[in-house]
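Below is the file target01.csv, which contains CSV, C-alpha atoms.
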```
chain,number,residue,atom,x,y,z
I,768,MET,CA,0.0,0.0,0.0
I,769,GLU,CA,1.4,3.4,-1.1
I,770,ASN,CA,2.2,5.7,1.7
I,771,ASN,CA,1.0,9.3,1.0
I,772,PHE,CA,1.9,10.6,4.3
I,773,VAL,CA,3.9,13.9,4.1
I,774,MET,CA,5.8,15.2,7.0
I,775,PRO,CA,4.3,18.6,7.9
I,776,MET,CA,6.7,21.6,7.7
I,777,PRO,CA,7.5,23.2,11.0
I,778,PRO,CA,6.0,26.7,11.5
I,779,VAL,CA,8.2,29.5,10.4
I,780,THR,CA,9.2,31.8,13.3
I,781,ARG,CA,9.1,35.4,12.2
I,782,PHE,CA,10.9,38.1,14.2
I,783,PRO,CA,9.7,41.7,14.3
I,784,ALA,CA,13.2,42.9,13.4
I,785,GLU,CA,13.2,40.7,10.3
I,786,ASP,CA,9.8,41.9,9.3
I,787,GLU,CA,10.9,45.5,9.7
I,788,LYS,CA,14.0,44.9,7.5
I,789,LEU,CA,11.8,43.2,4.8
I,790,ARG,CA,9.3,46.1,4.8
I,791,GLY,CA,12.2,48.5,4.6
I,792,ARG,CA,13.7,46.7,1.6
I,793,LEU,CA,10.3,46.6,-0.2
I,794,ASP,CA,9.6,50.2,0.5
I,795,GLY,CA,13.1,51.2,-0.7
I,796,PHE,CA,12.6,49.2,-3.9
I,797,LYS,CA,9.3,50.8,-4.6
I,798,SER,CA,10.6,54.3,-3.8
I,799,GLY,CA,13.5,53.7,-6.2
I,800,TYR,CA,11.3,52.4,-8.9
I,801,ASP,CA,8.9,55.4,-8.6
I,802,GLU,CA,11.7,57.9,-8.6
I,803,GLY,CA,13.4,56.2,-11.6
I,804,TYR,CA,10.1,56.1,-13.5
I,805,LEU,CA,9.4,59.8,-12.9
I,806,ARG,CA,12.9,60.9,-13.9
I,807,GLY,CA,12.9,58.7,-17.0
I,808,ARG,CA,9.5,60.1,-18.2
I,809,LEU,CA,10.7,63.6,-17.5
I,810,ALA,CA,13.8,63.0,-19.5
I,811,ILE,CA,11.8,61.8,-22.5
I,812,LEU,CA,9.4,64.8,-22.4
I,813,ASP,CA,12.2,67.3,-21.7
I,814,GLY,CA,14.1,66.0,-24.8
I,815,ARG,CA,11.2,66.9,-27.1
I,816,PRO,CA,11.8,70.1,-29.1
I,817,GLU,CA,9.2,72.8,-29.0
I,818,ASP,CA,6.8,73.1,-31.9
I,819,PRO,CA,8.5,75.4,-34.5
I,820,ILE,CA,7.1,78.9,-34.8
I,821,PRO,CA,7.7,80.9,-38.0
I,822,VAL,CA,10.2,83.7,-37.7
I,823,ARG,CA,8.7,87.2,-38.3
I,824,ASN,CA,10.5,89.6,-40.5
I,825,ILE,CA,10.5,92.4,-37.9
I,826,ASN,CA,13.1,94.3,-36.0
I,827,VAL,CA,12.4,94.7,-32.2
I,828,LEU,CA,14.1,97.0,-29.7
I,829,TYR,CA,13.7,95.4,-26.3
I,830,VAL,CA,13.9,97.7,-23.3
I,831,ALA,CA,14.7,95.8,-20.1
I,832,SER,CA,13.5,96.9,-16.7
I,833,GLY,CA,17.0,98.0,-15.5
I,834,LYS,CA,16.1,96.9,-12.0
I,835,GLY,CA,18.5,93.9,-11.8
I,836,TYR,CA,17.7,90.8,-9.9
I,837,PRO,CA,15.0,89.4,-9.7
I,838,TYR,CA,13.8,91.1,-12.9
I,839,SER,CA,16.9,90.1,-14.9
I,840,PRO,CA,15.8,86.5,-15.4
I,841,LEU,CA,12.6,87.8,-17.0
I,842,ASP,CA,14.7,89.9,-19.3
I,843,ASP,CA,16.8,86.8,-20.2
I,844,ALA,CA,13.6,84.9,-21.0
I,845,VAL,CA,11.9,87.6,-23.1
I,846,PHE,CA,15.1,88.4,-25.1
I,847,SER,CA,15.8,84.7,-25.7
I,848,ALA,CA,12.3,84.2,-27.1
I,849,LEU,CA,12.5,87.3,-29.3
I,850,GLN,CA,15.8,86.0,-30.7
I,851,GLN,CA,13.9,82.9,-31.9
I,852,LEU,CA,10.8,84.7,-33.2
I,853,THR,CA,12.1,87.8,-35.0
I,854,ALA,CA,14.6,88.7,-37.7
I,855,LYS,CA,16.4,91.1,-35.4
I,856,VAL,CA,16.3,92.1,-31.8
I,857,THR,CA,18.4,94.6,-29.9
I,858,ILE,CA,18.4,94.8,-26.1
I,859,THR,CA,18.8,97.9,-24.0
I,860,ASP,CA,17.3,99.2,-20.7
I,861,VAL,CA,15.5,102.2,-19.3
I,862,ARG,CA,18.8,103.9,-18.3
I,863,GLN,CA,19.8,104.4,-21.9
I,864,ASN,CA,18.4,106.9,-24.4
I,865,VAL,CA,16.0,104.7,-26.3
I,866,VAL,CA,15.1,107.4,-28.9
I,867,GLU,CA,18.8,107.7,-29.9
I,868,LEU,CA,19.1,103.9,-30.1
I,869,ALA,CA,15.9,103.7,-32.2
I,870,ALA,CA,17.4,106.2,-34.7
I,871,VAL,CA,20.4,103.8,-35.1
I,872,HIS,CA,18.5,100.5,-35.2
I,873,THR,CA,15.2,101.6,-36.8
I,874,PRO,CA,13.0,99.1,-35.0
I,875,ASP,CA,9.5,98.2,-36.1
I,876,LEU,CA,8.5,97.7,-32.4
I,877,VAL,CA,9.9,98.9,-29.1
I,878,LEU,CA,8.8,96.5,-26.3
I,879,VAL,CA,9.3,97.7,-22.7
I,880,LEU,CA,9.3,95.3,-19.7
I,881,ASP,CA,7.9,96.8,-16.5
I,882,GLY,CA,8.4,100.4,-17.6
I,883,LEU,CA,8.0,102.1,-14.2
I,884,ASP,CA,11.4,103.8,-14.8
I,885,MET,CA,11.0,104.5,-18.5
I,886,PRO,CA,11.0,108.2,-19.4
I,887,LEU,CA,7.5,108.9,-20.8
I,888,GLU,CA,8.8,111.7,-23.1
I,889,GLN,CA,10.9,109.0,-24.9
I,890,VAL,CA,7.8,106.9,-25.4
I,891,MET,CA,5.9,109.8,-26.9
I,892,ALA,CA,8.9,110.6,-29.1
I,893,LEU,CA,9.0,107.0,-30.4
I,894,ARG,CA,5.3,107.1,-31.2
I,895,GLY,CA,5.7,110.4,-32.9
I,896,GLN,CA,8.2,108.7,-35.3
I,897,GLY,CA,5.7,106.1,-36.2
I,898,ILE,CA,7.3,103.3,-34.2
I,899,LYS,CA,4.9,100.9,-32.5
I,900,THR,CA,5.3,100.8,-28.7
I,901,ALA,CA,4.2,98.1,-26.2
I,902,ILE,CA,4.6,97.5,-22.5
I,903,TRP,CA,4.5,94.2,-20.6
I,904,LEU,CA,3.6,94.9,-17.0
I,905,THR,CA,5.3,92.6,-14.5
I,906,ASP,CA,3.6,93.2,-11.1
I,907,ASP,CA,-0.1,93.7,-11.6
I,908,PRO,CA,-2.2,94.4,-9.6
I,909,TYR,CA,0.3,95.2,-6.8
I,910,TYR,CA,1.6,98.5,-8.2
I,911,THR,CA,-1.4,99.8,-10.1
I,912,ASP,CA,-1.0,103.2,-8.4
I,913,PHE,CA,2.0,103.7,-10.7
I,914,THR,CA,1.0,101.7,-13.7
I,915,MET,CA,-2.3,103.5,-14.2
I,916,LYS,CA,-0.2,106.7,-14.8
I,917,ILE,CA,1.9,105.3,-17.6
I,918,VAL,CA,-0.2,102.8,-19.6
I,919,SER,CA,-2.0,105.4,-21.8
I,920,PHE,CA,1.4,106.4,-23.3
I,921,TYR,CA,1.8,103.1,-25.1
I,922,ASP,CA,0.1,101.7,-28.3
I,923,TYR,CA,-0.2,98.2,-26.7
I,924,VAL,CA,-0.5,97.2,-23.1
I,925,PHE,CA,0.0,93.6,-21.9
I,926,THR,CA,-0.8,92.7,-18.3
I,927,LEU,CA,-0.3,89.4,-16.4
I,928,GLU,CA,-3.4,90.2,-14.3
I,929,ARG,CA,-6.9,89.5,-15.9
I,930,ASN,CA,-8.6,92.0,-13.5
I,931,CYS,CA,-6.5,94.9,-14.7
I,932,VAL,CA,-7.6,94.7,-18.4
I,933,GLU,CA,-10.8,96.6,-17.9
I,934,ILE,CA,-9.1,99.1,-15.5
I,935,TYR,CA,-6.7,100.1,-18.2
I,936,ARG,CA,-9.3,100.2,-20.9
I,937,GLY,CA,-11.3,102.5,-18.7
I,938,LEU,CA,-8.3,104.9,-18.8
I,939,GLY,CA,-8.6,105.2,-22.6
I,940,CYS,CA,-6.2,102.4,-23.7
I,941,ARG,CA,-7.6,100.8,-26.8
I,942,GLU,CA,-5.2,97.8,-27.0
I,943,VAL,CA,-5.1,96.1,-23.6
I,944,HIS,CA,-4.4,92.3,-23.5
I,945,TYR,CA,-4.1,89.7,-20.9
I,946,LEU,CA,-0.7,87.9,-21.2
I,947,PRO,CA,0.6,86.1,-18.1
I,948,PHE,CA,4.3,85.2,-17.8
I,949,ALA,CA,5.5,81.6,-18.5
I,950,ALA,CA,8.4,79.2,-17.9
I,951,HIS,CA,11.9,79.8,-19.4
I,952,ARG,CA,13.2,76.4,-20.3
I,953,GLU,CA,16.8,77.5,-20.0
I,954,HIS,CA,16.1,78.3,-16.3
I,955,TYR,CA,13.4,75.9,-15.2
I,956,ARG,CA,13.6,72.3,-16.2
I,957,PRO,CA,13.5,69.0,-14.2
I,958,THR,CA,16.4,67.1,-12.8
I,959,THR,CA,16.4,63.9,-14.9
I,960,THR,CA,19.1,62.1,-12.9
I,961,ARG,CA,19.2,61.5,-9.1
I,962,PRO,CA,18.3,64.9,-7.6
I,963,GLN,CA,21.0,66.7,-5.5
I,964,ILE,CA,18.2,67.9,-3.2
I,965,ASN,CA,15.8,65.6,-1.5
I,966,ARG,CA,12.8,67.2,0.2
I,967,GLN,CA,9.2,66.3,0.8
I,968,VAL,CA,7.9,69.8,0.7
I,969,SER,CA,9.3,73.2,-0.4
I,970,PHE,CA,8.2,76.8,-0.4
I,971,ILE,CA,10.2,79.5,-2.1
I,972,GLY,CA,9.2,83.1,-1.9
I,973,SER,CA,9.3,86.3,0.1
I,974,ALA,CA,7.6,86.4,3.5
I,975,TYR,CA,4.8,88.7,2.7
I,976,TRP,CA,2.5,89.1,5.7
I,977,ASN,CA,-0.3,87.0,4.3
I,978,ARG,CA,2.2,84.1,4.0
I,979,VAL,CA,3.5,84.6,7.5
I,980,HIS,CA,0.0,84.5,9.0
I,981,PHE,CA,-1.0,81.5,6.8
I,982,PHE,CA,2.0,79.3,7.8
I,983,ARG,CA,2.1,80.2,11.5
I,984,GLY,CA,-0.8,78.0,12.5
I,985,ILE,CA,0.5,74.9,10.8
I,986,MET,CA,4.2,75.3,11.3
I,987,PRO,CA,4.7,72.3,13.7
I,988,GLU,CA,2.8,69.9,11.4
I,989,LEU,CA,4.3,71.3,8.2
I,990,MET,CA,7.8,71.1,9.5
I,991,SER,CA,7.3,67.6,10.8
I,992,TYR,CA,7.8,66.6,7.1
I,993,ASN,CA,11.1,67.3,5.4
I,994,THR,CA,10.1,70.8,4.6
I,995,VAL,CA,12.4,73.7,3.6
I,996,ILE,CA,11.4,77.4,3.2
I,997,ASN,CA,13.6,79.8,1.3
I,998,GLY,CA,13.2,83.5,0.8
I,999,ILE,CA,13.7,87.0,2.2
I,1000,TRP,CA,12.0,88.5,5.2
I,1001,TRP,CA,11.4,85.1,7.0
I,1002,ASP,CA,12.7,86.7,10.2
I,1003,ARG,CA,9.2,88.0,10.4
I,1004,LEU,CA,8.1,84.5,11.4
I,1005,PRO,CA,8.7,84.3,15.2
I,1006,GLU,CA,9.2,80.6,15.1
I,1007,ALA,CA,11.9,80.7,12.4
I,1008,PRO,CA,14.8,80.2,14.8
I,1009,MET,CA,13.4,76.9,16.0
I,1010,TYR,CA,14.0,75.3,12.6
I,1011,GLY,CA,17.5,76.5,11.9
I,1012,GLU,CA,18.7,76.1,8.3
I,1013,ARG,CA,15.3,74.7,7.2
I,1014,ILE,CA,14.1,78.3,7.0
I,1015,GLU,CA,16.7,80.1,5.0
I,1016,ILE,CA,16.4,83.8,5.6
I,1017,GLY,CA,17.5,86.7,3.4
I,1018,LYS,CA,18.6,85.0,0.2
I,1019,TRP,CA,17.5,85.5,-3.4
I,1020,MET,CA,17.8,82.1,-5.1
I,1021,SER,CA,18.9,82.1,-8.7
I,1022,PRO,CA,16.4,80.4,-11.2
I,1023,GLN,CA,18.8,77.5,-11.5
I,1024,GLU,CA,19.0,77.0,-7.7
I,1025,THR,CA,15.2,77.3,-7.5
I,1026,ALA,CA,14.6,74.8,-10.2
I,1027,LEU,CA,16.9,72.3,-8.4
I,1028,ALA,CA,14.9,72.8,-5.2
I,1029,TYR,CA,11.6,72.4,-7.0
I,1030,SER,CA,12.7,69.3,-8.9
I,1031,GLY,CA,14.1,67.7,-5.7
I,1032,SER,CA,10.8,68.2,-3.8
I,1033,LYS,CA,7.9,65.9,-3.9
I,1034,ILE,CA,5.5,68.8,-3.3
I,1035,VAL,CA,6.0,72.5,-3.9
I,1036,ILE,CA,3.6,75.0,-2.2
I,1037,ASN,CA,2.6,78.1,-4.3
I,1038,LEU,CA,1.0,80.6,-2.0
I,1039,HIS,CA,0.4,83.9,-3.8
I,1040,ARG,CA,1.0,87.3,-2.2
I,1041,SER,CA,-2.1,89.2,-1.2
I,1042,HIS,CA,-3.5,92.2,-3.2
I,1043,ILE,CA,-4.0,93.9,0.2
I,1044,ASP,CA,-0.7,94.7,1.9
I,1045,GLU,CA,-0.2,98.2,3.3
I,1046,VAL,CA,3.6,97.6,3.6
I,1047,ALA,CA,4.5,96.2,0.2
I,1048,ASN,CA,1.7,97.1,-2.2
I,1049,ASN,CA,0.7,100.3,-4.1
I,1050,ASN,CA,-2.8,99.2,-5.0
I,1051,ALA,CA,-5.1,101.9,-3.6
I,1052,LEU,CA,-8.1,100.5,-5.5
I,1053,PHE,CA,-7.6,97.1,-4.0
I,1054,ILE,CA,-7.9,95.4,-7.4
I,1055,PRO,CA,-8.1,91.7,-6.5
I,1056,ALA,CA,-5.7,89.2,-8.1
I,1057,ALA,CA,-7.3,86.4,-10.1
I,1058,SER,CA,-4.4,85.3,-12.3
I,1059,PRO,CA,-1.6,82.8,-11.6
I,1060,ASN,CA,1.9,84.2,-10.7
I,1061,PRO,CA,5.0,83.3,-12.8
I,1062,ARG,CA,5.9,80.7,-10.1
I,1063,THR,CA,2.9,78.6,-11.2
I,1064,PHE,CA,4.5,77.9,-14.6
I,1065,GLU,CA,8.0,77.6,-13.2
I,1066,ILE,CA,7.1,74.9,-10.7
I,1067,ALA,CA,5.3,72.9,-13.3
I,1068,ALA,CA,8.2,73.2,-15.7
I,1069,SER,CA,10.5,71.7,-13.0
I,1070,GLY,CA,8.6,68.4,-13.0
I,1071,THR,CA,7.0,68.3,-9.5
I,1072,LEU,CA,3.5,68.5,-8.0
I,1073,GLN,CA,2.3,71.9,-7.1
I,1074,LEU,CA,-0.2,72.8,-4.4
I,1075,SER,CA,-1.5,76.3,-5.1
I,1076,ASP,CA,-3.9,78.6,-3.3
I,1077,ALA,CA,-7.0,78.8,-5.4
I,1078,ARG,CA,-7.2,81.6,-7.9
I,1079,ASP,CA,-10.1,82.3,-10.2
I,1080,ASP,CA,-8.2,82.0,-13.4
I,1081,LEU,CA,-5.9,79.2,-12.5
I,1082,GLY,CA,-8.1,76.7,-14.4
I,1083,SER,CA,-7.5,78.5,-17.7
I,1084,PHE,CA,-3.9,77.2,-17.6
I,1085,TYR,CA,-4.0,73.9,-15.7
I,1086,THR,CA,-6.7,71.4,-14.9
I,1087,VAL,CA,-7.1,71.4,-11.2
I,1088,GLY,CA,-7.1,67.9,-9.7
I,1089,GLU,CA,-5.4,66.4,-12.8
I,1090,GLU,CA,-2.3,68.6,-13.4
I,1091,ILE,CA,-2.1,70.7,-10.2
I,1092,ASP,CA,-4.2,70.9,-7.0
I,1093,THR,CA,-5.4,73.8,-4.9
I,1094,PHE,CA,-6.2,74.6,-1.3
I,1095,THR,CA,-8.3,77.3,0.4
I,1096,SER,CA,-7.1,77.0,4.0
I,1097,PRO,CA,-4.1,76.0,6.0
I,1098,GLN,CA,-5.8,72.8,7.1
I,1099,GLU,CA,-6.8,71.8,3.5
I,1100,LEU,CA,-3.1,72.3,2.5
I,1101,MET,CA,-2.0,69.9,5.3
I,1102,ASP,CA,-4.7,67.4,4.3
I,1103,LYS,CA,-3.5,67.4,0.7
I,1104,ILE,CA,0.2,67.2,1.7
I,1105,ARG,CA,-0.6,64.1,3.7
I,1106,TYR,CA,-2.6,62.7,0.9
I,1107,TYR,CA,-0.2,63.1,-1.9
I,1108,LEU,CA,2.8,62.0,0.1
I,1109,SER,CA,1.0,58.7,0.6
I,1110,HIS,CA,-0.3,58.4,-3.0
I,1111,GLU,CA,3.0,58.5,-5.0
I,1112,GLU,CA,1.6,57.3,-8.3
I,1113,GLN,CA,-1.1,60.0,-8.4
I,1114,ARG,CA,1.4,62.6,-7.3
I,1115,ARG,CA,3.9,61.5,-10.0
I,1116,ASP,CA,1.2,61.4,-12.8
I,1117,MET,CA,0.0,64.9,-12.0
I,1118,ALA,CA,3.5,66.3,-12.1
I,1119,LEU,CA,4.1,64.7,-15.5
I,1120,ARG,CA,0.8,66.0,-16.9
I,1121,ALA,CA,1.6,69.5,-15.7
I,1122,PHE,CA,5.1,69.4,-17.1
I,1123,GLU,CA,3.9,68.2,-20.5
I,1124,ARG,CA,1.2,70.9,-20.7
I,1125,THR,CA,3.8,73.6,-19.7
I,1126,LEU,CA,6.0,72.6,-22.6
I,1127,LYS,CA,3.1,72.7,-25.0
I,1128,GLU,CA,1.5,75.9,-23.9
I,1129,HIS,CA,3.3,77.9,-21.3
I,1130,THR,CA,6.8,78.8,-22.5
I,1131,TYR,CA,8.1,82.3,-23.3
I,1132,THR,CA,8.3,81.5,-27.0
I,1133,LYS,CA,4.6,80.7,-26.9
I,1134,ARG,CA,3.8,83.9,-25.0
I,1135,LEU,CA,5.9,86.2,-27.2
I,1136,ASN,CA,4.4,84.7,-30.2
I,1137,GLN,CA,1.0,85.6,-28.8
I,1138,LEU,CA,2.2,89.1,-28.2
I,1139,LEU,CA,3.5,89.5,-31.7
I,1140,THR,CA,0.4,88.0,-33.2
I,1141,ILE,CA,-1.8,90.5,-31.4
I,1142,ILE,CA,0.3,93.4,-32.8
I,1143,TYR,CA,1.1,92.1,-36.3
I,1144,GLY,CA,-1.6,89.5,-37.0
```
Re-express the file's structure as structure tokens.
Amino acid sequence: MENNFVMPMPPVTRFPAEDEKLRGRLDGFKSGYDEGYLRGRLAILDGRPEDPIPVRNINVLYVASGKGYPYSPLDDAVFSALQQLTAKVTITDVRQNVVELAAVHTPDLVLVLDGLDMPLEQVMALRGQGIKTAIWLTDDPYYTDFTMKIVSFYDYVFTLERNCVEIYRGLGCREVHYLPFAAHREHYRPTTTRPQINRQVSFIGSAYWNRVHFFRGIMPELMSYNTVINGIWWDRLPEAPMYGERIEIGKWMSPQETALAYSGSKIVINLHRSHIDEVANNNALFIPAASPNPRTFEIAASGTLQLSDARDDLGSFYTVGEEIDTFTSPQELMDKIRYYLSHEEQRRDMALRAFERTLKEHTYTKRLNQLLTIIYG
């Protein structure tokens, strides 16, 4: 008779320490896979060239703000885009005699960035010579006490704030257009290899009072993650000394440094400044801000998930809940930080979708092409 008896295996004794090591190895493997997948996808997308845009046979004299940093990176972005889009572009700034330069270079268009320090008699002289003039305002609606005094001197006014369009039209400006800033790919792009910086959460920006008050109530929980805050004026935050170097005070970060920090963070917070600030603003009409700031596009261009405070026109540029996400209170911000840090695949996919849309729609070549199309058709 056949014996089918099988000796039972002795029970396996598991030790808590071994379980912990196994879980650690599995978590490490998954984390490495997720990170590698994200960087690989970003590398593929980043390697795609932008759609070609025909070069216009026009000559542009570009007048930079003359204010230095942090405006100089904007000048780099605009000038670089104009070089790709026009037959000739010459750069100067508001400290030079633009009328004399125009006599030498005979531009079809003089484009001024910011323009708060541009002599208005020179703008009138340029228009008197039949040269088209345009201004792209950089800080609406925060300095409208000043901009409202200069916009009527230009043929074309471009503002990055939707709520300023009708204000300027009400001053008699016939050609006022909504044109937000964008991402300059030479400055803001993702790290496609292992990041030099490894953070869970980042915030980069000046400590305007609305930001100080917003963060104060959630600082212990926010800083319980690997969170780093960079920017000037953060000595306004009484708790700042408690966190040492994790709150970097008094430093303007270059675009390249900022992009590295964004790309090395799982989540970047974008908390806009307030349109009401008696210390920093010159906005006596209290024109509310509805439009996204330049940081919106720069974070997305760096290949990471962005959590932004809700703005009325944000959905015109990114799909909320699919490409970026928003919050309306400190507690909602913390709820979403916890959620996305524990849902890696969703966080990663949103970052990739936002990056891809930025490359397609929100670069400076796209924006300057819009500007030139408005002027020249």
**Item:** Close residues, His1110 (chain I) itself excluded, 12 Å, all atoms listed in the file, min 3 positions apart in chain, as a list in words
**Value:** Ser798, Asp801, Lys1033, Ile1034, Leu1072, Lys1103, Ile1104, Arg1105, Tyr1106, Tyr1107, Gln1113, Arg1114, Arg1115, Asp1116 and Met1117 of chain I
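Of the listed residues (I:Thr911, I:Thr994, I:Gln896, I:Thr1025), I:Thr911 comes nearest to Asn1049 (chain I); the distances count all atoms listed in the file.
Every protein or nucleic acid residue with an atom no more than 7 Å from Ile964 (chain I), counting only C-alpha atoms and leaving out same-chain residues fewer than 5 positions away, appears here: Leu1027, Ala1028 and Gly1031 of chain I.
Using all atoms listed in the file, the shortest contact distance between Asn930 (chain I) and any of I:Pro837, I:Gly814, I:Pro947, I:Pro908 is found at I:Pro908.
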**Asked** Neighbours of Ala949 (chain I) within 7 Å (all atoms listed in the file; same-chain residues fewer than 3 positions away dropped), as a count of residues only?
**Response** 5
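CA of Val995 (chain I) lies 19.3 Å from CA of Phe1094 (chain I).
Near Pro1022 (chain I), within 9 Å and counting all atoms listed in the file, sit Pro840, His954, Tyr955 and Leu1027 of chain I; same-chain residues fewer than 5 positions away were not included.
CA of Val924 (chain I) is found 8.6 Å from CA of Tyr945 (chain I).
Between CA of Thr900 (chain I) and CA of Val877 (chain I) the interatomic distance comes to 5.0 Å.
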**Request:** Tell me which protein, DNA and RNA residues are within 10 Å of Thr1093 (chain I), counting all atoms listed in the file, leaving out same-chain ones fewer than 3 positions away, and put them as number ranges by chain.
**Result:** I: 1036-1038, 1073-1078, 1081, 1087-1088, 1096, 1099-1100, 1103
**Fill in**
The residue from I:Ile902, I:Tyr838, I:Thr914, I:Ile858 with the smallest atom-to-atom distance to Ala1051 (chain I), counting only C-alpha atoms, is I:Thr914
**Item:** Residue list as a list in words for point (16.1, 93.0, -22.5), cut-off 10 Å, only C-alpha atoms
**Value:** Leu828, Tyr829, Val830, Ala831, Ser832, Gly833, Ser839, Pro840, Leu841, Asp842, Asp843, Ala844, Val845, Phe846, Ser847, Leu849, Val856, Thr857, Ile858, Thr859, Asp860, Val861, Leu878, Val879 and Leu880 of chain I
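Distances from I:Leu887, I:Leu927, I:Ile1014, I:Ala1068 to Val865 (chain I) were compared using only C-alpha atoms, and the smallest one belongs to I:Leu887.
With all atoms listed in the file as the basis for measurement, I:Ile1054 is the residue among I:Ile1054, I:Val871, I:Ala974, I:Val827 that approaches Tyr935 (chain I) most closely.
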Region 824-830 of chain I from the block above: all heavy atoms written as a PDB file, in the first residue's frame:
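Wrote it out as decode_0.pdb, contents follow:
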```
ATOM      1  N   ASN I 824       9.544  88.701 -39.934  1.00  0.00           N
ATOM      2  CA  ASN I 824      10.523  89.609 -40.513  1.00  0.00           C
ATOM      3  C   ASN I 824      10.326  91.005 -39.920  1.00  0.00           C
ATOM      4  O   ASN I 824       9.925  91.954 -40.605  1.00  0.00           O
ATOM      5  CB  ASN I 824      10.400  89.647 -42.035  1.00  0.00           C
ATOM      6  CG  ASN I 824      11.514  90.446 -42.674  1.00  0.00           C
ATOM      7  OD1 ASN I 824      12.615  90.553 -42.107  1.00  0.00           O
ATOM      8  ND2 ASN I 824      11.249  91.020 -43.837  1.00  0.00           N
ATOM      9  N   ILE I 825      10.586  91.118 -38.632  1.00  0.00           N
ATOM     10  CA  ILE I 825      10.463  92.397 -37.937  1.00  0.00           C
ATOM     11  C   ILE I 825      11.705  92.637 -37.089  1.00  0.00           C
ATOM     12  O   ILE I 825      12.430  91.695 -36.723  1.00  0.00           O
ATOM     13  CB  ILE I 825       9.199  92.471 -37.052  1.00  0.00           C
ATOM     14  CG1 ILE I 825       9.191  91.326 -36.028  1.00  0.00           C
ATOM     15  CG2 ILE I 825       7.936  92.463 -37.898  1.00  0.00           C
ATOM     16  CD1 ILE I 825       8.046  91.420 -35.029  1.00  0.00           C
ATOM     17  N   ASN I 826      11.904  93.897 -36.755  1.00  0.00           N
ATOM     18  CA  ASN I 826      13.057  94.345 -35.981  1.00  0.00           C
ATOM     19  C   ASN I 826      12.537  94.909 -34.652  1.00  0.00           C
ATOM     20  O   ASN I 826      11.747  95.856 -34.650  1.00  0.00           O
ATOM     21  CB  ASN I 826      13.806  95.410 -36.786  1.00  0.00           C
ATOM     22  CG  ASN I 826      14.979  96.019 -36.021  1.00  0.00           C
ATOM     23  OD1 ASN I 826      15.324  95.578 -34.928  1.00  0.00           O
ATOM     24  ND2 ASN I 826      15.581  97.054 -36.597  1.00  0.00           N
ATOM     25  N   VAL I 827      12.959  94.307 -33.545  1.00  0.00           N
ATOM     26  CA  VAL I 827      12.440  94.687 -32.226  1.00  0.00           C
ATOM     27  C   VAL I 827      13.563  95.288 -31.381  1.00  0.00           C
ATOM     28  O   VAL I 827      14.670  94.740 -31.321  1.00  0.00           O
ATOM     29  CB  VAL I 827      11.831  93.477 -31.491  1.00  0.00           C
ATOM     30  CG1 VAL I 827      11.335  93.887 -30.107  1.00  0.00           C
ATOM     31  CG2 VAL I 827      10.696  92.866 -32.300  1.00  0.00           C
ATOM     32  N   LEU I 828      13.251  96.408 -30.741  1.00  0.00           N
ATOM     33  CA  LEU I 828      14.137  96.970 -29.718  1.00  0.00           C
ATOM     34  C   LEU I 828      13.508  96.651 -28.376  1.00  0.00           C
ATOM     35  O   LEU I 828      12.412  97.122 -28.057  1.00  0.00           O
ATOM     36  CB  LEU I 828      14.281  98.481 -29.899  1.00  0.00           C
ATOM     37  CG  LEU I 828      15.181  99.215 -28.880  1.00  0.00           C
ATOM     38  CD1 LEU I 828      16.604  98.672 -28.903  1.00  0.00           C
ATOM     39  CD2 LEU I 828      15.177 100.717 -29.161  1.00  0.00           C
ATOM     40  N   TYR I 829      14.189  95.803 -27.605  1.00  0.00           N
ATOM     41  CA  TYR I 829      13.657  95.352 -26.320  1.00  0.00           C
ATOM     42  C   TYR I 829      14.279  96.168 -25.199  1.00  0.00           C
ATOM     43  O   TYR I 829      15.508  96.222 -25.064  1.00  0.00           O
ATOM     44  CB  TYR I 829      13.931  93.860 -26.112  1.00  0.00           C
ATOM     45  CG  TYR I 829      13.527  93.377 -24.747  1.00  0.00           C
ATOM     46  CD1 TYR I 829      12.217  93.512 -24.299  1.00  0.00           C
ATOM     47  CD2 TYR I 829      14.462  92.802 -23.882  1.00  0.00           C
ATOM     48  CE1 TYR I 829      11.846  93.086 -23.042  1.00  0.00           C
ATOM     49  CE2 TYR I 829      14.098  92.367 -22.626  1.00  0.00           C
ATOM     50  CZ  TYR I 829      12.791  92.514 -22.208  1.00  0.00           C
ATOM     51  OH  TYR I 829      12.417  92.100 -20.948  1.00  0.00           O
ATOM     52  N   VAL I 830      13.433  96.813 -24.387  1.00  0.00           N
ATOM     53  CA  VAL I 830      13.888  97.675 -23.295  1.00  0.00           C
ATOM     54  C   VAL I 830      13.671  96.944 -21.969  1.00  0.00           C
ATOM     55  O   VAL I 830      12.534  96.807 -21.505  1.00  0.00           O
ATOM     56  CB  VAL I 830      13.143  99.026 -23.297  1.00  0.00           C
ATOM     57  CG1 VAL I 830      13.727  99.942 -22.224  1.00  0.00           C
ATOM     58  CG2 VAL I 830      13.221  99.686 -24.661  1.00  0.00           C
TER      59      VAL I 830
END
```
